[in-house]
Amino acid sequence: MTVLRDGGLLIRSTSARRIAALLLPLLLLATVVFVVAPAHEAVAAPARYYKSMADTQRPDWMGWVGDGTSLARLSIPGTHDTLAIHGGDLAVTQEDHGDGAATLQAQLMSGIRAIDIRVHAIGGKFTVHHGAIYQNANFDDVLTVLRDFLAAHPAETVLLNLKTECTGSLGSCTDDPPYDTFEAKKAILESYFAQYAGVFWQPSVAGTGPADVPTLGQVRGKVVLTRYNEQDTYGLKDMFDRAPSDYDAAYDGVRYYQDDYVVSSLDAISGKWDKVRRHLEATDKGAADKVYVNYLSGSSMLAYPYSVAGGTLGYRGVNEFALDHLFTQAASRTGVMFMDFPGPGLIGSIVARDYALAAPAKAQQAQADAALTVRDLANSTSGTADVRNEQLRRFLDSVYPAAEWDVVVAKGDAGADLQGLGAGTVGQPTWADEYLVAAAPTTGQSDLSDADLQAAVEAAVGTGPSGDAQTRASALAGALRAAYPGRAWNVVVKRSPGGFSNWFVSGYGTMYKKTTEDWNYMVWATGGTPATVGAQIAKAPRSSTDPAYSFIAGAQDKYGSSGLGVPQSYTGGHFSPGTEFGPDGYQASFTYDNSVVIAALLAGQNRDVARAVRLGDSLLYAQDHDPKTVDGRIRASYEPNPFITRDGTPYVGGFSVYTGNMAWAGMAFCRLYAVTGDGRYREGALKAANWIQSNTADSRGVGGYTGGLVDYSGTGDEMVRKEWKATEHNIDVGAFFAMLAQVTGDGVWKSRSDNAFAFVRSMQADDGRLWTGTGNDGVTQNRDSVPEDVQVWSYLATLDPAFSRSVDWAATNLAASDGPFRGVSFAKADTSKVWFEGTAHLLAAYHVRRAPGDDARAAVLQQTLQDAQSQAPNAVGGAIVAASSDGLTTGEGDIYYAAPHTGATAWYLLAGAGANPFRL
């Protein structure tokens with residue numbers, strides 16, 4: 001008897017009886033081992049590596065990949081034994097979304113683009129089987145679903161691995177005569193090729209030999225037959241050249257297919273993962289023109305497919321291992337990964353490797369997909385809010401380095417509404433454990449000043465949003481979008497307790513924080529009038545930043561790897577040990593340098609919170625144990641050997657107390673408080689701020705802050721107030737007080753910040769440059785020297801378009817070259833040498849500004865700084881030396897030398913990460 005459904009063959013009753021007879025011995029064996037094999041599947045859904053794939057829809061993800069991309073370059077999620085949804089725990093490999101290939105439809109919608117179909121020849125047709133077990137679907141069902149899906153999503157392609165399943169052995173099926181011969185099955189296959197001629201990419205089914213690997217543009221809207229196991233004249237070249245099953249040490253990655261499917265027990269799951277991992281590594285470094293295939297699946301009577309995939313009884317599954325690996329390890333491609341029971345996070349982590357292949361015109365769609373991936377990877381994070389935020393940012397920086405990201409992690413009662421680059425909300429939040437997580441791409445560009453943003457938020461919050469955190473976030477975002485159209489508005493709302501161990505927002509552009517009663521609001525916007533935004537600027541490669549970080553770490557550990565201590569600012573070259581500087585070389589550890597080092601340790605790919613805390617604690621100790629006056633002051637420099645003297649006070653190198661240094665230390669404390677939530681840093685920042693306000697606030701002219709106290713005795717006994725006002729110091733104070741207003745919620749610091757920035761604005765000349773400051777009368781402009789730092793820092797601190805002109809003035813008028821190096825000098829007094837720290841300032845500004853052409857300008861500076869690590873005089877261990885050659889004069893009486901410098905190296909780490917130390 002034959003039963004037909006929708007014109008397709010189901011199965012004959014005689015075959016059903018044969019299947020039952022074949023299964024009986026297996027069922028008996030399963031009964032014997034019942035107490036050993038897992039009796040139920042583990043619940044592994046929270047990390048989204050296992051099952052629930054339909055929670056995330058990716059029907060068009062290939063649409064944003066460039067046409068010229070070879071299939072060999074793609075990372076493609078696939079399913080092993082795609083329609084194996086019947087037959088019990090030993091046979092089932094996929095979630096059941098319905099018979100008749102409805103399960104395939106669900107997989108395609110979730111992003112699966114490689115399928116593994118096993119067929120049985122019967123009645124001149126193919127039915128879909130797993131071993132002896134019919135899966136309630138026919139090959140016609142499969143091809144109909146594929147045809148309809150690709151018609152609706154013509155930018156996609158699907159790779160089809162086709163295998164005849166029946167071997168006649170125990171547990172398998174037997175093809176029905178006369179269709180059990182090679183020729184008969186080939187005739188059946190070619191009848192499908194003819195019937196569905198428009199579905200297949202013809203070179204893969206021509207039968208004249210395996211086809212060359214095509215580009216995605218060649219196969220959009222088509223099914224690519226990658227292999228038919230009974231005929232090697234179909235499919236693609238080399239794709240299923242099997243890797244050795246033993247994966248011994250001689251395996252060199254020249255074979256492209258791993259499918260060691262026997263997992264003898266639960267103990268053997270980790271061994272299966274090791275084979276998957278090694279093939280992933282071979283894929284990443286392997287031949288660029290070959291398609292690599294990696295099966296994550298495996299099973300045995302003692303390890304069912306769901307156990308191998310999802311884990312059970314305390315054993316981790318291969319899917320979990322794979323997701324952890326893909327979330328934490330950089331890799332440019334995975335190849336085709338065939339999986340059992342894949343979850344949406346695992347699918348997304350594979351697709352994420354393709355973001356780098358996005359066509360420029362399709363970048364927005366790729367970035368929206370990345371925001372979706374963050375949602376699915378939220379449960380792969382761990383730790384406090386700031387740590388989780390950094391984990392997500394590292395992942396995004398790895399898979400999509402061309403984009404900038406706003407990332408939000410908040411614990412407890414929190415809500416978020418992120419708009420990103422698009423007109424609609426793309427950063428939909430999700431929950432992981434107790435943490436809300438959201439991410440969205442951003443330009444970091446806005447036409448709103450700090451004051452404009454503050455006014456907008458104050459007006460919107462003043463309308464009284466109410467309800468829970470998410471309701472408040474959505475209401476505030478809606479009000480701002482209605483009142484100020486043409487911009488992308490982003491809102492995060494968090495109920496107390498605060499502290500950035502409870503919530504952490506990392507992003508770009510102008511941000512404003514407001515606290516009302518128990519509610520904290522963080523708001524930022526992108527877009528507006530400055531609509532001309534240049535290309536994305538690539539971050540510095542890890543091959544360059546890792547050695548730079550190692551230099552900083554080595555300097556910090558030179559006199560002890562734990563406890564309080566400060567690093568020498570300059571080592572080697574002119575400052576080497578000898579007659580002038582003694583057996584340990586120049587010992588000064590400048591407060592400014594240490595503050596920049598803290599900022600660098602809290603940003604980018606080389607983030608090290610523990611080291612930043614250790615250095616921050618050392619500055620707090622110096623503040624609270626000053627040998628002369630404990631009033632919040634922090635001295636210009638200390639010495640590291642020993643940092644703490646016998647009487648318990650810090651070893652002071654330079655007793656002067658400069659306003660700018662104090663502000664930099666205060667910014668370091670604010671940043672540490674934002675990251676750790678430790679109130680000691682906020683108190684230290686307040687002490688520094690109150691010292692600045694009490695000792696340097698000035699009412700002459702347009703106000704601002706004077707230079708601080710200078711020591712003329714060498715012992716701290718003759719401290720003289722300096723009456724001049726420096727533009728640089730006022731930039732520092734303005735940025736510091738703005739941060740302090742954010743972390744304390746006290747608006748008085750914001751108004752004091754505005755006062756400092758008003759002074760800075762008064763120093764701008766008609767051509768955009770900023771003068772150095774004033775003379776001792778506090779009014780007359782000092783037009784000597786005109787240093788680089790004030791030009792670039794003014795923009796970094798305010799993001800005011802008016803100071804964008806200052807950046808350009810510095811790039812043009814302070815341009816310097818010295819041998820292979822191209823950058824800027826300290827001032828016009830000497831442009832014969834490159835000042836590498838200033839060059840890093842300018843690189844950071846280009847990252848933040850991203851005006852048209854900044855990408856090309858940044859590339860020159862980035863290359864110079866990378867070259868300086870190995871080619872500059874006295875270069876050692878990844879450090880950045882202060883100047884390209886000895887003897888760079890500043891015009892202010894100081895000289896820079898080609899000596900490794902912690903400050904310059906820290907600025908390079910900041911600039912290379914696209915970070916801005918003047919903004920929280």
# chains A, B, ... in the order shown; residues from 1 in each chain; ligands from 1
$ residues_around --residues "A:Gly168" --least-positions-apart "2" --cutoff "12 Å" --atoms "only C-alpha atoms" --output "PyMOL selection string"
chain A and resi 18-19+22+120+131-132+164-166+170-176+180
$ write_last_selection --atoms "all heavy atoms" --output "short mmCIF file (atom, residue, chain, number, x, y, z; two decimals), in the first residue's frame"
data_model
loop_
_atom_site.label_atom_id
_atom_site.label_comp_id
_atom_site.auth_asym_id
_atom_site.auth_seq_id
_atom_site.Cartn_x
_atom_site.Cartn_y
_atom_site.Cartn_z
N ARG A 18 9.32 -3.25 8.42
CA ARG A 18 10.74 -3.53 8.40
C ARG A 18 11.47 -2.64 9.42
O ARG A 18 12.36 -3.08 10.14
CB ARG A 18 11.31 -3.26 7.00
CG ARG A 18 12.79 -3.64 6.88
CD ARG A 18 13.37 -3.27 5.52
NE ARG A 18 12.63 -3.88 4.43
CZ ARG A 18 12.01 -3.16 3.50
NH1 ARG A 18 12.07 -1.85 3.54
NH2 ARG A 18 11.35 -3.75 2.53
N ILE A 19 11.07 -1.39 9.49
CA ILE A 19 11.69 -0.47 10.45
C ILE A 19 11.48 -0.96 11.87
O ILE A 19 12.40 -0.97 12.69
CB ILE A 19 11.11 0.94 10.28
CG1 ILE A 19 11.57 1.52 8.94
CG2 ILE A 19 11.51 1.85 11.42
CD1 ILE A 19 10.82 2.77 8.55
N LEU A 22 13.76 -3.79 12.67
CA LEU A 22 15.15 -3.37 12.84
C LEU A 22 15.38 -2.63 14.15
O LEU A 22 16.44 -2.72 14.75
CB LEU A 22 15.56 -2.48 11.67
CG LEU A 22 15.72 -3.18 10.31
CD1 LEU A 22 15.87 -2.14 9.21
CD2 LEU A 22 16.91 -4.14 10.31
N HIS A 120 15.96 8.19 1.43
CA HIS A 120 15.67 6.77 1.19
C HIS A 120 14.96 6.70 -0.17
O HIS A 120 13.99 7.43 -0.41
CB HIS A 120 14.76 6.28 2.32
CG HIS A 120 14.18 4.92 2.14
ND1 HIS A 120 13.05 4.52 2.82
CD2 HIS A 120 14.53 3.87 1.34
CE1 HIS A 120 12.74 3.28 2.47
NE2 HIS A 120 13.63 2.87 1.57
N GLY A 131 18.59 7.15 9.49
CA GLY A 131 18.69 5.71 9.62
C GLY A 131 17.42 5.07 9.10
O GLY A 131 16.94 5.36 8.00
N ALA A 132 16.85 4.19 9.91
CA ALA A 132 15.63 3.49 9.50
C ALA A 132 14.37 4.31 9.72
O ALA A 132 13.28 3.89 9.32
CB ALA A 132 15.53 2.18 10.30
N THR A 164 22.51 9.64 0.65
CA THR A 164 21.60 8.48 0.66
C THR A 164 21.85 7.71 1.95
O THR A 164 22.98 7.36 2.27
CB THR A 164 21.86 7.58 -0.56
OG1 THR A 164 23.24 7.20 -0.60
CG2 THR A 164 21.49 8.31 -1.84
N GLU A 165 20.79 7.48 2.69
CA GLU A 165 20.91 7.01 4.07
C GLU A 165 20.94 5.51 4.21
O GLU A 165 21.48 4.98 5.18
CB GLU A 165 19.74 7.59 4.87
CG GLU A 165 19.81 7.34 6.37
CD GLU A 165 20.81 8.23 7.10
OE1 GLU A 165 21.69 8.81 6.43
OE2 GLU A 165 20.71 8.34 8.33
N CYS A 166 20.34 4.80 3.27
CA CYS A 166 20.11 3.36 3.47
C CYS A 166 21.34 2.53 3.13
O CYS A 166 21.84 2.56 2.01
CB CYS A 166 18.93 2.90 2.62
SG CYS A 166 17.40 3.75 3.04
N LEU A 170 22.23 -2.97 10.38
CA LEU A 170 21.38 -2.87 11.56
C LEU A 170 21.13 -1.41 11.90
O LEU A 170 22.05 -0.62 12.00
CB LEU A 170 22.05 -3.57 12.74
CG LEU A 170 21.28 -3.53 14.08
CD1 LEU A 170 19.99 -4.31 13.97
CD2 LEU A 170 22.16 -4.08 15.20
N GLY A 171 19.86 -1.06 12.07
CA GLY A 171 19.50 0.29 12.43
C GLY A 171 19.31 1.20 11.25
O GLY A 171 18.87 2.33 11.41
N SER A 172 19.65 0.72 10.06
CA SER A 172 19.48 1.54 8.87
C SER A 172 18.27 1.03 8.09
O SER A 172 17.54 0.13 8.51
CB SER A 172 20.75 1.52 8.02
OG SER A 172 20.62 2.39 6.92
N CYS A 173 18.07 1.60 6.89
CA CYS A 173 17.00 1.17 6.01
C CYS A 173 17.60 0.51 4.78
O CYS A 173 18.82 0.47 4.61
CB CYS A 173 16.15 2.38 5.60
SG CYS A 173 17.13 3.78 4.99
N THR A 174 16.73 0.01 3.93
CA THR A 174 17.15 -0.58 2.66
C THR A 174 16.34 0.04 1.55
O THR A 174 15.10 0.08 1.62
CB THR A 174 16.94 -2.11 2.67
OG1 THR A 174 17.69 -2.69 3.75
CG2 THR A 174 17.38 -2.72 1.34
N ASP A 175 17.03 0.58 0.54
CA ASP A 175 16.32 1.16 -0.58
C ASP A 175 15.51 0.08 -1.29
O ASP A 175 15.97 -1.06 -1.46
CB ASP A 175 17.30 1.81 -1.56
CG ASP A 175 17.97 3.04 -0.97
OD1 ASP A 175 17.25 3.85 -0.36
OD2 ASP A 175 19.20 3.18 -1.11
N ASP A 176 14.29 0.44 -1.71
CA ASP A 176 13.39 -0.54 -2.32
C ASP A 176 13.81 -0.84 -3.76
O ASP A 176 14.04 0.08 -4.55
CB ASP A 176 11.95 -0.01 -2.33
CG ASP A 176 11.27 -0.26 -1.00
OD1 ASP A 176 11.99 -0.45 0.00
OD2 ASP A 176 10.04 -0.25 -0.98
N ASP A 180 17.33 0.57 -5.72
CA ASP A 180 18.44 0.42 -4.80
C ASP A 180 19.80 0.39 -5.48
O ASP A 180 20.81 0.13 -4.86
CB ASP A 180 18.25 -0.83 -3.96
CG ASP A 180 18.09 -2.09 -4.82
OD1 ASP A 180 17.90 -1.95 -6.05
OD2 ASP A 180 18.13 -3.19 -4.26
#
$ residues_around --residues "A:Ser561" --least-positions-apart "6" --cutoff "12 Å" --atoms "only C-alpha atoms" --output "count of residues only"
8
$ atom_distance --atom1 "atom CA of A:Gly310" --atom2 "atom CA of A:Val142"
26.4 Å
$ residues_around --residues "A:Leu377" --least-positions-apart "6" --cutoff "8 Å" --atoms "only C-alpha atoms" --output "PyMOL selection string"
chain A and resi 47-48+327+345+349
$ write_last_selection --atoms "N, CA, C and O atoms" --output "compact mmCIF listing (two decimals), in the first residue's frame"
# COMPACT_ATOMS: atom_id res chain seq x y z
N ALA A 47 21.83 30.36 28.20
CA ALA A 47 22.98 30.89 27.48
C ALA A 47 22.76 30.91 25.98
O ALA A 47 23.62 31.37 25.24
N ARG A 48 21.64 30.39 25.50
CA ARG A 48 21.21 30.49 24.11
C ARG A 48 22.15 29.79 23.14
O ARG A 48 22.29 30.19 21.99
N PHE A 327 32.52 33.58 21.47
CA PHE A 327 32.26 34.84 22.18
C PHE A 327 33.55 35.48 22.67
O PHE A 327 33.66 36.71 22.71
N GLY A 345 21.97 32.21 20.12
CA GLY A 345 23.26 32.82 20.42
C GLY A 345 24.39 32.17 19.63
O GLY A 345 25.29 32.85 19.14
N SER A 349 26.64 34.03 16.84
CA SER A 349 28.08 34.15 17.00
C SER A 349 28.82 33.67 15.76
O SER A 349 29.95 34.09 15.50
$ select_by_dssp --residues "stretch 839-920 of chain A" --states "alpha helix (DSSP H)" --output "ChimeraX atom specification"
/A:839-849,854-871,902-912
$ residues_around --residues "A:Tyr908" --least-positions-apart "4" --cutoff "10 Å" --atoms "only C-alpha atoms" --output "short mmCIF file (atom, residue, chain, number, x, y, z; two decimals) with N, CA, C and O atoms, in the first residue's frame"
data_model
loop_
_atom_site.label_atom_id
_atom_site.label_comp_id
_atom_site.auth_asym_id
_atom_site.auth_seq_id
_atom_site.Cartn_x
_atom_site.Cartn_y
_atom_site.Cartn_z
N ALA A 540 43.55 50.46 16.56
CA ALA A 540 44.90 49.92 16.50
C ALA A 540 44.85 48.40 16.66
O ALA A 540 44.05 47.89 17.45
N SER A 544 49.89 45.57 18.07
CA SER A 544 50.57 46.79 18.48
C SER A 544 50.21 47.21 19.90
O SER A 544 51.08 47.64 20.68
N THR A 545 48.91 47.10 20.26
CA THR A 545 48.51 47.56 21.59
C THR A 545 48.92 46.59 22.69
O THR A 545 49.17 47.02 23.82
N ALA A 548 52.32 47.53 23.86
CA ALA A 548 52.25 48.81 24.57
C ALA A 548 51.72 48.61 25.98
O ALA A 548 52.25 49.18 26.96
N TYR A 549 50.67 47.80 26.11
CA TYR A 549 50.13 47.49 27.44
C TYR A 549 51.20 46.80 28.29
O TYR A 549 51.36 47.10 29.49
N ALA A 600 43.89 54.90 30.33
CA ALA A 600 44.18 53.88 29.32
C ALA A 600 43.87 52.48 29.82
O ALA A 600 43.39 51.63 29.05
N PHE A 836 55.40 62.40 19.85
CA PHE A 836 54.51 61.25 19.68
C PHE A 836 53.27 61.33 20.57
O PHE A 836 52.21 60.85 20.19
N GLU A 837 53.41 61.91 21.77
CA GLU A 837 52.21 62.05 22.60
C GLU A 837 51.18 62.95 21.90
O GLU A 837 50.00 62.63 21.83
N GLY A 838 51.64 64.09 21.38
CA GLY A 838 50.73 64.98 20.67
C GLY A 838 50.14 64.34 19.43
O GLY A 838 48.97 64.58 19.08
N THR A 839 50.93 63.51 18.78
CA THR A 839 50.42 62.78 17.61
C THR A 839 49.29 61.85 18.03
O THR A 839 48.29 61.70 17.31
N ALA A 840 49.42 61.24 19.20
CA ALA A 840 48.33 60.39 19.71
C ALA A 840 47.11 61.23 20.09
O ALA A 840 45.97 60.79 19.90
N HIS A 841 47.32 62.45 20.62
CA HIS A 841 46.18 63.35 20.89
C HIS A 841 45.38 63.54 19.60
O HIS A 841 44.15 63.45 19.59
N LEU A 843 45.35 61.75 16.85
CA LEU A 843 44.70 60.50 16.42
C LEU A 843 43.41 60.28 17.19
O LEU A 843 42.38 59.90 16.61
N ALA A 844 43.43 60.54 18.50
CA ALA A 844 42.22 60.38 19.30
C ALA A 844 41.12 61.33 18.82
O ALA A 844 39.94 60.96 18.75
N GLN A 862 48.37 56.62 12.82
CA GLN A 862 48.39 55.28 13.41
C GLN A 862 49.65 54.53 12.96
O GLN A 862 50.33 53.89 13.77
N LEU A 865 52.77 55.83 14.76
CA LEU A 865 52.89 55.38 16.15
C LEU A 865 53.25 53.90 16.22
O LEU A 865 54.03 53.49 17.10
N GLN A 866 52.69 53.10 15.32
CA GLN A 866 53.09 51.69 15.29
C GLN A 866 54.57 51.56 14.92
O GLN A 866 55.31 50.78 15.55
N ALA A 879 56.94 50.24 23.83
CA ALA A 879 56.74 51.59 24.37
C ALA A 879 56.72 52.62 23.25
O ALA A 879 57.28 52.42 22.17
N ILE A 880 56.07 53.75 23.52
CA ILE A 880 56.16 54.93 22.68
C ILE A 880 57.13 55.90 23.34
O ILE A 880 56.97 56.25 24.52
N THR A 902 55.72 56.60 29.75
CA THR A 902 54.42 56.00 30.11
C THR A 902 53.26 56.86 29.61
O THR A 902 52.24 56.33 29.15
N GLY A 903 53.39 58.16 29.69
CA GLY A 903 52.32 59.04 29.26
C GLY A 903 52.03 58.93 27.77
O GLY A 903 50.88 58.82 27.35
N ALA A 904 53.09 58.97 26.95
CA ALA A 904 52.90 58.83 25.51
C ALA A 904 52.34 57.47 25.15
O ALA A 904 51.48 57.34 24.28
N GLY A 912 44.41 54.57 20.10
CA GLY A 912 44.24 53.35 19.30
C GLY A 912 42.92 52.67 19.55
O GLY A 912 42.42 51.93 18.68
N ALA A 913 42.35 52.88 20.73
CA ALA A 913 41.04 52.30 21.05
C ALA A 913 39.89 53.22 20.68
O ALA A 913 38.73 52.87 20.88
N GLY A 914 40.21 54.42 20.18
CA GLY A 914 39.15 55.38 19.89
C GLY A 914 38.52 55.95 21.15
O GLY A 914 37.37 56.40 21.14
N ALA A 915 39.26 55.95 22.26
CA ALA A 915 38.73 56.40 23.55
C ALA A 915 39.03 57.88 23.77
O ALA A 915 39.99 58.43 23.23
#
$ residues_around --residues "A:Ile895" --least-positions-apart "2" --cutoff "12 Å" --atoms "only C-alpha atoms" --output "number ranges by chain"
A: 574, 825-827, 829-830, 833, 835, 882-883, 885-893, 897-899
$ write_last_selection --atoms "N, CA and C atoms" --output "compact mmCIF listing (two decimals), in the first residue's frame"
# COMPACT_ATOMS: atom_id res chain seq x y z
N HIS A 574 68.05 59.13 27.13
CA HIS A 574 68.63 60.22 27.89
C HIS A 574 68.50 60.01 29.39
N SER A 825 54.26 68.37 16.16
CA SER A 825 55.24 68.72 17.17
C SER A 825 54.52 69.30 18.39
N PHE A 826 55.31 69.73 19.39
CA PHE A 826 54.70 70.31 20.59
C PHE A 826 54.16 71.70 20.31
N ALA A 827 54.93 72.49 19.56
CA ALA A 827 54.55 73.87 19.29
C ALA A 827 55.32 74.34 18.05
N ALA A 829 57.53 76.44 17.86
CA ALA A 829 58.92 76.74 18.14
C ALA A 829 59.87 75.72 17.54
N ASP A 830 59.45 74.47 17.35
CA ASP A 830 60.33 73.42 16.82
C ASP A 830 59.47 72.36 16.16
N LYS A 833 61.00 67.75 14.73
CA LYS A 833 60.85 66.41 15.30
C LYS A 833 59.38 66.17 15.63
N TRP A 835 56.45 64.94 18.04
CA TRP A 835 56.08 64.69 19.44
C TRP A 835 55.02 63.59 19.41
N ALA A 882 59.00 59.62 23.80
CA ALA A 882 58.39 60.95 23.86
C ALA A 882 58.53 61.70 22.55
N ALA A 883 59.72 61.64 21.93
CA ALA A 883 59.97 62.40 20.70
C ALA A 883 60.72 61.52 19.71
N SER A 885 63.30 62.17 17.98
CA SER A 885 64.74 62.32 18.18
C SER A 885 64.95 63.16 19.45
N ASP A 886 66.13 63.06 20.02
CA ASP A 886 66.44 63.87 21.20
C ASP A 886 66.43 65.36 20.84
N GLY A 887 66.02 66.18 21.82
CA GLY A 887 66.19 67.61 21.69
C GLY A 887 65.01 68.37 21.13
N LEU A 888 63.81 67.84 21.23
CA LEU A 888 62.63 68.58 20.78
C LEU A 888 62.33 69.68 21.79
N THR A 889 62.44 70.93 21.37
CA THR A 889 62.19 72.05 22.27
C THR A 889 60.73 72.48 22.19
N THR A 890 60.22 72.97 23.31
CA THR A 890 58.80 73.31 23.40
C THR A 890 58.52 74.79 23.22
N GLY A 891 59.56 75.63 23.30
CA GLY A 891 59.34 77.07 23.31
C GLY A 891 58.98 77.60 24.68
N GLU A 892 58.86 76.68 25.65
CA GLU A 892 58.52 77.07 27.02
C GLU A 892 59.64 76.70 27.99
N GLY A 893 60.81 76.34 27.45
CA GLY A 893 61.96 76.03 28.30
C GLY A 893 62.17 74.55 28.53
N TYR A 897 62.88 64.12 24.83
CA TYR A 897 63.90 63.21 24.32
C TYR A 897 63.25 61.93 23.78
N ALA A 898 64.02 61.21 23.00
CA ALA A 898 63.55 59.91 22.48
C ALA A 898 63.74 58.85 23.56
N ALA A 899 62.91 58.93 24.57
CA ALA A 899 62.98 58.00 25.70
C ALA A 899 61.60 57.40 25.94
$ residues_around --residues "A:Leu601" --least-positions-apart "6" --cutoff "8 Å" --atoms "only C-alpha atoms" --output "JSON, numbers by chain"
{"A": [607, 608, 609, 611, 612]}
$ write_last_selection --atoms "C-alpha atoms" --output "PDB file, in the first residue's frame"
ATOM      1  CA  ARG A 607      41.500  47.060  29.778  1.00  0.00           C
ATOM      2  CA  ASP A 608      42.925  46.082  33.177  1.00  0.00           C
ATOM      3  CA  VAL A 609      40.761  47.352  36.026  1.00  0.00           C
ATOM      4  CA  ARG A 611      46.031  47.695  37.583  1.00  0.00           C
ATOM      5  CA  ALA A 612      44.041  50.925  37.291  1.00  0.00           C
TER       6      ALA A 612
END
$ closest_residue --among "A:Gly209, A:Pro485, A:Gly701, A:Gly221" --to "A:Arg147" --atoms "only C-alpha atoms"
A:Gly221
$ select_by_dssp --residues "stretch 493-662 of chain A" --states "strand (DSSP E)" --output "number ranges by chain"
A: 493-495, 503-506, 511-516, 519-527, 589-590, 637-638, 652-654, 657-658
$ atom_distance --atom1 "atom CA of A:Ala622" --atom2 "atom CA of A:Asn916"
25.9 Å
